[in-house]
Amino acid sequence: MRAIRHGFGAFASVAVLLTGIAVAAEVRAAPAPAEELPAAAPAAEEPENFGASCRTVVQGSRVTAHCQNPYPRTDRVRLHVECDRWWDIDTDSAPVDVGPADYAQVTGRCWKEVRSAWVTHQPADPDPEPTAVRGS
């Protein structure tokens, strides 16, 4: 009975070893990634970089968002504060426009502890819609 157990252990070890060798050989045989990517058609319209860079600082029950906009489009930011206590009212700030190369500071607060705070972004000056050309 002991010889059967040792024989099975040896068989299982050999099976695992052979499987590992087969997988390693398959990985080595896989083609290397191409050095050059195939030429593709250029994208119809790349989205413009947009959005102020904001960081939030929580000090006790007060939250301050510092936003700086490095892009040429105006960004409309809002600070959202979620309070930790169930009875404490969550707040959303009024929208603040952060112009190109401009800086804004937005504040909010809770009565007690702050659970989370985040900033949302929206384009302040949306792209103009194409006007229809009427034929005569």
# chains A, B, ... in the order shown; residues from 1 in each chain; ligands from 1
>>> residues_around(residues="region 56-71 of chain A", least_positions_apart="5", cutoff="8 Å", atoms="only C-alpha atoms", output="PyMOL selection string")
chain A and resi 49-51+79+81+98-114+117-119
>>> residues_around(residues="Val77 (chain A)", least_positions_apart="5", cutoff="8 Å", atoms="only C-alpha atoms", output="PyMOL selection string")
chain A and resi 52+95-98+119-122
>>> atom_distance(atom1="CA of Arg55 (chain A)", atom2="CA of Glu82 (chain A)")
16.1 Å
